[in-house]
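Coordinates as given in my_file30.cif (mmCIF, C-alpha atoms; chains and numbers go by the auth columns):
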```cif
data_coords
#
loop_
_atom_site.group_PDB
_atom_site.id
_atom_site.type_symbol
_atom_site.label_atom_id
_atom_site.label_comp_id
_atom_site.label_asym_id
_atom_site.label_seq_id
_atom_site.Cartn_x
_atom_site.Cartn_y
_atom_site.Cartn_z
_atom_site.B_iso_or_equiv
_atom_site.auth_seq_id
_atom_site.auth_asym_id
ATOM 1 C CA MET A 1 35.606 103.303 139.153 0.00 1 A
ATOM 2 C CA SER A 2 36.903 106.839 139.055 0.00 2 A
ATOM 3 C CA LEU A 3 36.546 109.148 136.071 0.00 3 A
ATOM 4 C CA PHE A 4 40.317 108.847 135.552 0.00 4 A
ATOM 5 C CA GLU A 5 40.123 105.017 135.503 0.00 5 A
ATOM 6 C CA LYS A 6 37.222 105.155 133.056 0.00 6 A
ATOM 7 C CA TYR A 7 39.183 107.500 130.802 0.00 7 A
ATOM 8 C CA LEU A 8 42.225 105.195 130.738 0.00 8 A
ATOM 9 C CA LYS A 9 40.293 101.921 130.457 0.00 9 A
ATOM 10 C CA GLY A 10 41.706 99.818 127.610 0.00 10 A
ATOM 11 C CA TRP A 11 44.826 101.939 127.184 0.00 11 A
ATOM 12 C CA SER A 12 48.244 100.348 127.252 0.00 12 A
ATOM 13 C CA PHE A 13 51.759 101.411 126.475 0.00 13 A
ATOM 14 C CA ARG A 14 53.531 99.984 123.465 0.00 14 A
ATOM 15 C CA THR A 15 56.866 98.331 123.967 0.00 15 A
ATOM 16 C CA ASN A 16 59.964 99.141 121.963 0.00 16 A
ATOM 17 C CA THR A 17 60.873 95.431 121.926 0.00 17 A
ATOM 18 C CA PRO A 18 57.853 93.602 120.512 0.00 18 A
ATOM 19 C CA THR A 19 57.731 89.804 120.602 0.00 19 A
ATOM 20 C CA LEU A 20 57.532 87.887 117.331 0.00 20 A
ATOM 21 C CA GLU A 21 55.809 84.505 117.272 0.00 21 A
ATOM 22 C CA PRO A 22 57.559 81.661 115.409 0.00 22 A
ATOM 23 C CA GLY A 23 55.423 80.534 112.480 0.00 23 A
ATOM 24 C CA ALA A 24 53.824 83.965 112.044 0.00 24 A
ATOM 25 C CA THR A 25 54.317 85.975 108.871 0.00 25 A
ATOM 26 C CA VAL A 26 55.094 89.670 109.370 0.00 26 A
ATOM 27 C CA ASN A 27 55.543 92.514 106.913 0.00 27 A
ATOM 28 C CA VAL A 28 58.676 94.547 107.631 0.00 28 A
ATOM 29 C CA PHE A 29 60.977 97.055 105.970 0.00 29 A
ATOM 30 C CA VAL A 30 64.428 95.496 105.582 0.00 30 A
ATOM 31 C CA THR A 31 66.887 98.364 105.926 0.00 31 A
ATOM 32 C CA GLU A 32 70.248 96.594 106.118 0.00 32 A
ATOM 33 C CA TYR A 33 71.950 93.774 104.240 0.00 33 A
ATOM 34 C CA ASP A 34 74.863 91.627 105.442 0.00 34 A
ATOM 35 C CA PRO A 35 76.633 90.320 102.314 0.00 35 A
ATOM 36 C CA ALA A 36 78.777 87.917 104.360 0.00 36 A
ATOM 37 C CA SER A 37 75.744 85.986 105.613 0.00 37 A
ATOM 38 C CA GLY A 38 73.303 86.875 102.820 0.00 38 A
ATOM 39 C CA GLU A 39 70.830 88.085 105.425 0.00 39 A
ATOM 40 C CA GLY A 40 68.662 91.154 105.437 0.00 40 A
ATOM 41 C CA ILE A 41 68.153 92.925 108.744 0.00 41 A
ATOM 42 C CA ALA A 42 64.872 94.510 109.805 0.00 42 A
ATOM 43 C CA PHE A 43 64.211 96.416 113.014 0.00 43 A
ATOM 44 C CA VAL A 44 60.801 96.487 114.657 0.00 44 A
ATOM 45 C CA GLY A 45 61.400 99.027 117.378 0.00 45 A
ATOM 46 C CA ASP A 46 64.531 97.701 119.079 0.00 46 A
ATOM 47 C CA THR A 47 63.774 94.113 118.047 0.00 47 A
ATOM 48 C CA GLU A 48 66.142 92.798 115.379 0.00 48 A
ATOM 49 C CA LEU A 49 64.879 90.335 112.779 0.00 49 A
ATOM 50 C CA ARG A 50 67.521 88.685 110.591 0.00 50 A
ATOM 51 C CA VAL A 51 66.041 87.529 107.274 0.00 51 A
ATOM 52 C CA GLU A 52 67.572 84.473 105.601 0.00 52 A
ATOM 53 C CA ASN A 53 67.686 84.047 101.806 0.00 53 A
ATOM 54 C CA PHE A 54 67.165 87.772 101.362 0.00 54 A
ATOM 55 C CA ASP A 55 67.273 89.301 97.886 0.00 55 A
ATOM 56 C CA PRO A 56 69.347 92.513 98.191 0.00 56 A
ATOM 57 C CA GLU A 57 67.288 94.019 95.352 0.00 57 A
ATOM 58 C CA ALA A 58 64.430 94.238 97.872 0.00 58 A
ATOM 59 C CA LEU A 59 66.438 96.360 100.328 0.00 59 A
ATOM 60 C CA ASP A 60 64.357 99.209 101.820 0.00 60 A
ATOM 61 C CA GLY A 61 61.169 97.607 100.508 0.00 61 A
ATOM 62 C CA LEU A 62 58.285 96.102 102.441 0.00 62 A
ATOM 63 C CA VAL A 63 58.683 92.316 102.513 0.00 63 A
ATOM 64 C CA ALA A 64 56.813 89.374 103.999 0.00 64 A
ATOM 65 C CA VAL A 65 58.935 87.302 106.392 0.00 65 A
ATOM 66 C CA ARG A 66 57.990 84.056 108.145 0.00 66 A
ATOM 67 C CA VAL A 67 59.410 84.079 111.684 0.00 67 A
ATOM 68 C CA VAL A 68 61.427 80.910 112.337 0.00 68 A
ATOM 69 C CA GLU A 69 62.755 81.569 115.838 0.00 69 A
ATOM 70 C CA PHE A 70 62.695 84.352 118.398 0.00 70 A
ATOM 71 C CA ASP A 71 64.687 85.009 121.578 0.00 71 A
ATOM 72 C CA ALA A 72 62.536 87.297 123.747 0.00 72 A
ATOM 73 C CA GLU A 73 65.333 87.961 126.262 0.00 73 A
ATOM 74 C CA ARG A 74 67.640 89.363 123.578 0.00 74 A
ATOM 75 C CA SER A 75 64.841 90.670 121.293 0.00 75 A
ATOM 76 C CA VAL A 76 66.438 88.981 118.289 0.00 76 A
ATOM 77 C CA GLY A 77 64.740 86.726 115.775 0.00 77 A
ATOM 78 C CA ARG A 78 65.367 84.876 112.541 0.00 78 A
ATOM 79 C CA GLY A 79 63.002 84.617 109.634 0.00 79 A
ATOM 80 C CA GLU A 80 62.700 83.424 106.040 0.00 80 A
ATOM 81 C CA PHE A 81 62.132 85.806 103.145 0.00 81 A
ATOM 82 C CA ARG A 82 58.788 85.129 101.443 0.00 82 A
ATOM 83 C CA GLU A 83 58.054 87.917 98.977 0.00 83 A
ATOM 84 C CA VAL A 84 58.123 91.634 98.319 0.00 84 A
ATOM 85 C CA VAL A 85 54.770 93.137 99.270 0.00 85 A
ATOM 86 C CA GLY A 86 55.402 96.860 98.890 0.00 86 A
ATOM 87 C CA GLU A 87 57.623 99.649 97.675 0.00 87 A
ATOM 88 C CA THR A 88 60.257 101.574 99.570 0.00 88 A
ATOM 89 C CA ALA A 89 59.269 103.753 102.513 0.00 89 A
ATOM 90 C CA TYR A 90 61.489 106.553 101.249 0.00 90 A
ATOM 91 C CA GLU A 91 60.385 109.206 98.809 0.00 91 A
ATOM 92 C CA VAL A 92 62.176 109.017 95.510 0.00 92 A
#
```
Can I see the file as structure tokens?
Amino acid sequence: MSLFEKYLKGWSFRTNTPTLEPGATVNVFVTEYDPASGEGIAFVGDTELRVENFDPEALDGLVAVRVVEFDAERSVGRGEFREVVGETAYEV
């Protein structure tokens, strides 16, 4: 193993379209709200997660979402709002 290989051992590049596992709970910042559908929209990189039963009062806050389904080819998922777990990411 070369010195270069040793230096890079264990390194990997992150993807801009992470995969979300159905059944998993993730904490995300919901930055958009669609009043027509009542869904919040969170982006994890370029992956879009649409959050059902979203409370618009929690917009821009950190919320727990249970992933219901995920389409890896399109990088789009659906989830259910669980609870607010943190404040806004923006300075007030």
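Relative to atom CA of Thr31 of chain A, atom CA of Gly61 of chain A is found at 7.9 Å.
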Quiz item: Which distance in Å separates atom CA of Ala36 of chain A and atom CA of Leu59 of chain A, to one decimal?
Solution: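 According to the coordinates, atom CA of Ala36 of chain A and atom CA of Leu59 of chain A are separated by 15.5 Å.
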Exercise. Work out how far apart atom CA of Phe54 of chain A and atom CA of Ala42 of chain A are and give it in Å to one decimal.
Key: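 Atom-to-atom, atom CA of Phe54 of chain A to atom CA of Ala42 of chain A, that is 11.0 Å.
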Exercise. Would you write out, as a ChimeraX atom specification, every residue that the PyMOL selection byres ((chain A and resi 82-86) around 12) captures in this file?
Key: /A:24-30,51-68,79-81,87-90
Quiz item: What's the 7 Å shell around Thr17 of chain A, counting all atoms listed in the file, without same-chain residues fewer than 2 positions away, as a list in words?
Solution: Thr15, Thr19, Gly45, Asp46, Thr47 and Ser75 of chain A
Selected residues written out with C-alpha atoms, as a PDB file, in the coordinates of the input:
```pdb
ATOM      1  CA  THR A  15      56.866  98.331 123.967  1.00  0.00           C
ATOM      2  CA  THR A  19      57.731  89.804 120.602  1.00  0.00           C
ATOM      3  CA  GLY A  45      61.400  99.027 117.378  1.00  0.00           C
ATOM      4  CA  ASP A  46      64.531  97.701 119.079  1.00  0.00           C
ATOM      5  CA  THR A  47      63.774  94.113 118.047  1.00  0.00           C
ATOM      6  CA  SER A  75      64.841  90.670 121.293  1.00  0.00           C
TER       7      SER A  75
END
```
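Remark: for Ala72 of chain A, the closest of the candidate residues A:Lys6, A:Glu21, A:Gly38, A:Tyr33 is A:Glu21 (distances computed over all atoms listed in the file).
Against this structure, the PyMOL selection byres ((chain A and resi 76) around 9) ends up with A:Asp46, A:Thr47, A:Glu48, A:Leu49, A:Arg50, A:Glu69, A:Phe70, A:Asp71, A:Ala72, A:Glu73, A:Arg74, A:Ser75, A:Gly77, A:Arg78.
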Axis-aligned box for all listed atoms of segment 1-6 of chain A, 6 Å per side, centre and edges in Å to one decimal, as JSON:
```
{"center_x": 38.0, "center_y": 106.2, "center_z": 136.1, "size_x": 16.7, "size_y": 17.8, "size_z": 18.1}
```
